[in-house]
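**Student:** I have a structure here, written as structure tokens, and I will follow up with some questions on it.
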Amino acid sequence: MLKGKTILLGVTGGIAAYKSVEIVSRLRKEGAQVDVVMTKAATEFVSPLTFRSLSLRPVYTDMFAEPKSWNVEHIALAERADYVLVAPATANIIAKMALGLADDFLSTVLLAVRKPILVAPAMNQAMYHHPATQQNLKTLRERGVHIIGPARGFQACGSEGEGRMSEPAEILAKLMALISAKQVLQGQKVLVTAGGTREPIDPVRYIGNFSSGKMGYAIASAFAEAGADVTLVSAPTALQPPVGVKVINVLTAEDMYREVLKLYKDQDIVIKAAAVADYRPQICKEQKIKKSGENLVLELVPNPDILAALGEQKEHQFLVGFAAETENILHNGLEKMRKKKANMLVVNDVTKPGAGFGTDTNIVSFLFEDGTRKDLPRMSKLEIARELVKEIAALKKEKDTKKKE
Ligand code: CTP
């Protein structure tokens with residue numbers, strides 16, 4: 001499965017470094033080429049020679065060592081890797097990754113990497129539970145980094161708790177799962193919309209909504225991770241664009257309508273996660289509206305329904321809509337899906353705690369064209385996005401085989 005793949009393994013200074021020796025050995029058996037980068041602290045636990053003997057390749061430890069080949073090595077390593085695994089990952093490297101620090105060879109490579117990254121934390125349980133570490137792990141997760149473990153159990157320092165590095169077998173299983181997931185949408189063109197549109201009232205005011213864009217950005221990230229060629233049409237958000245995704249920024253529903261319809265023909269999958277304003281002020285005043293003490297009436301006119309327009313013009317595309325409901329979610333959802341001719345709908349009850357706008361988690365159900373549904377438990381938005389990738393990949397595969405028959 002790993003034939004022809006290059007895995008970059010970062011080893012940092014924890015007692016679990018000895019387990020990474022087994023990881024290299026297993027990766028080699030699966031046919032992968034393994035480039036090992038060790039921090040200085042890691043070399044105190046295991047000798048670079050051990051990794052060199054198993055990987056049959058140079059081991060990198062020092063930013064300023066005599067280069068092993070004539071290129072800018074940290075960049076070359078980052079570009080050559082198909083996947084990056086940091087195991088064990090100390091609290092220190094996790095903090096450096098979260099902040100984007102680059103003060104040694106490994107952290108510099110990690111900052112240059114644009115490929116999927118897996119991190120297997122290993123540290124004392126108190127360090128693991130420290131709010132700083134938890135916040136850093138959350139930051140990495142939001143950026144699409146895969147965190148494996150840690151496991152619970154007896155620790156080198158004598159205490160017991162969560163913080164042991166996951167076993168090599170589990171780490172490899174996660175890597176394999178990611179690789180097979182990655183191949184599922186290779187080359188597919190995916191358009192995702194995200195954020196809440198803003199409808200100007202005058203030069204300083206607008207009508208908006210509470211959408212944070214987190215769900216749509218997580219979806220863009222998960223599809224890019226699955227090998228798709230992703231374009232994200234985004235209404236304003238406070239989020240960083242996901243790595244490897246082309247972003248088109250828009251403001252209003254009409255802007256979004258224009259951009260999305262321009263791109264529609266070439267797309268294989270379209271996911272409309274944006275919260276599009278149903279109405280906009282009929283006129284946007286040229287000057288700021290002054291207060292008068294009187295009631296103010298704004299006349300609103302309907303915006304185009306982008307999803308419905310895409311449904312009307314659908315050819316080969318797989319169309320996914322979203323619905324934020326506050327009551328009768330399944331009944332309203334099914335109705336919405338049929339009306340807008342979507343192939344699938346993601347519905348959530350925004351009134352439930354842990355669901356909806358601004359939160360990092362969501363509780364959703366997937367509704368399908370044949371009237372069936374799948375309820376997911378409360379999950380992070382990125383986990384939901386990965387579930388969505390899996391569902392759509394399976395449905396598309398089914399459709400394609402039917403077409404061939
Ligand atoms: N949507 C859209 N264009 C609009 C309004 C909504 O493309 N002008 C899309 C959203 O991106 C989402 C789906 O339609 O994928 C459902 O949006 P929602 O606002 O929940 O449904 P509406 O059709 O607007 O119905 P209602 O507000 O009456 O519940």
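As shown in the structure tokens, the chain order sets the letters A, B, ...; within each chain, residues go from 1, and ligands are also counted from 1 in the order they appear.
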Hey, what's within 12 Å of Ile15 (chain A) if we count only C-alpha atoms and toss same-chain stuff fewer than 6 positions away? As a ChimeraX atom specification, please?
**Tutor:** /A:21,41-46,87-90,121-124,155-157,163-165
**Student:** Generate a file of the selected residues that holds C-alpha atoms, formatted as an mmCIF file, in the first residue's frame.
**Tutor:**
```cif
data_model
loop_
_atom_site.group_PDB
_atom_site.id
_atom_site.type_symbol
_atom_site.label_atom_id
_atom_site.label_comp_id
_atom_site.auth_asym_id
_atom_site.auth_seq_id
_atom_site.Cartn_x
_atom_site.Cartn_y
_atom_site.Cartn_z
ATOM 1 C CA VAL A 21 12.115 2.567 15.519
ATOM 2 C CA ALA A 41 16.603 15.894 22.328
ATOM 3 C CA ALA A 42 15.453 12.806 20.406
ATOM 4 C CA THR A 43 19.076 11.849 19.717
ATOM 5 C CA GLU A 44 19.574 11.623 23.499
ATOM 6 C CA PHE A 45 17.041 8.767 23.575
ATOM 7 C CA VAL A 46 17.841 6.885 20.365
ATOM 8 C CA ALA A 87 5.926 10.447 16.642
ATOM 9 C CA PRO A 88 6.546 10.878 19.469
ATOM 10 C CA ALA A 89 5.419 14.502 19.536
ATOM 11 C CA THR A 90 6.391 16.311 22.731
ATOM 12 C CA PRO A 121 1.510 13.159 21.268
ATOM 13 C CA ALA A 122 3.580 11.638 24.058
ATOM 14 C CA MET A 123 4.075 13.368 27.371
ATOM 15 C CA ASN A 124 3.377 13.296 31.085
ATOM 16 C CA GLN A 155 3.979 6.553 32.372
ATOM 17 C CA ALA A 156 7.770 6.618 32.442
ATOM 18 C CA CYS A 157 7.709 9.172 35.279
ATOM 19 C CA GLY A 163 -0.261 10.902 27.662
ATOM 20 C CA ARG A 164 1.456 7.710 26.501
ATOM 21 C CA MET A 165 2.161 7.570 22.794
#
```
**Student:** May I have the residues within 7 Å of ligand 1, computed using only C-alpha atoms and all ligand atoms, as a PyMOL selection string?
**Tutor:** chain A and resi 253+272-278+303-308+321-325+336
**Student:** Which parts of region 280-386 of chain A does DSSP call strand (DSSP E) when run on the backbone here, written out as an MDAnalysis selection string?
**Tutor:** chainID A and resid 280:281 300:302 318:325 344:349 361:362 364:368 373:375 379:380
**Student:** Please give the complete set of residues from region 223-373 of chain A that DSSP, run on the backbone, assigns to alpha helix (DSSP H), formatted as a VMD selection string.
**Tutor:** chain A and resid 223 to 225 253 to 264 306 to 312 329 to 339
**Student:** Using only C-alpha atoms for the distances, tell me which of A:Lys138, A:His130, A:Lys19, A:Lys115 is nearest to Leu382 (chain A).
**Tutor:**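 Under the stated criterion, the closest residue is A:Lys138.
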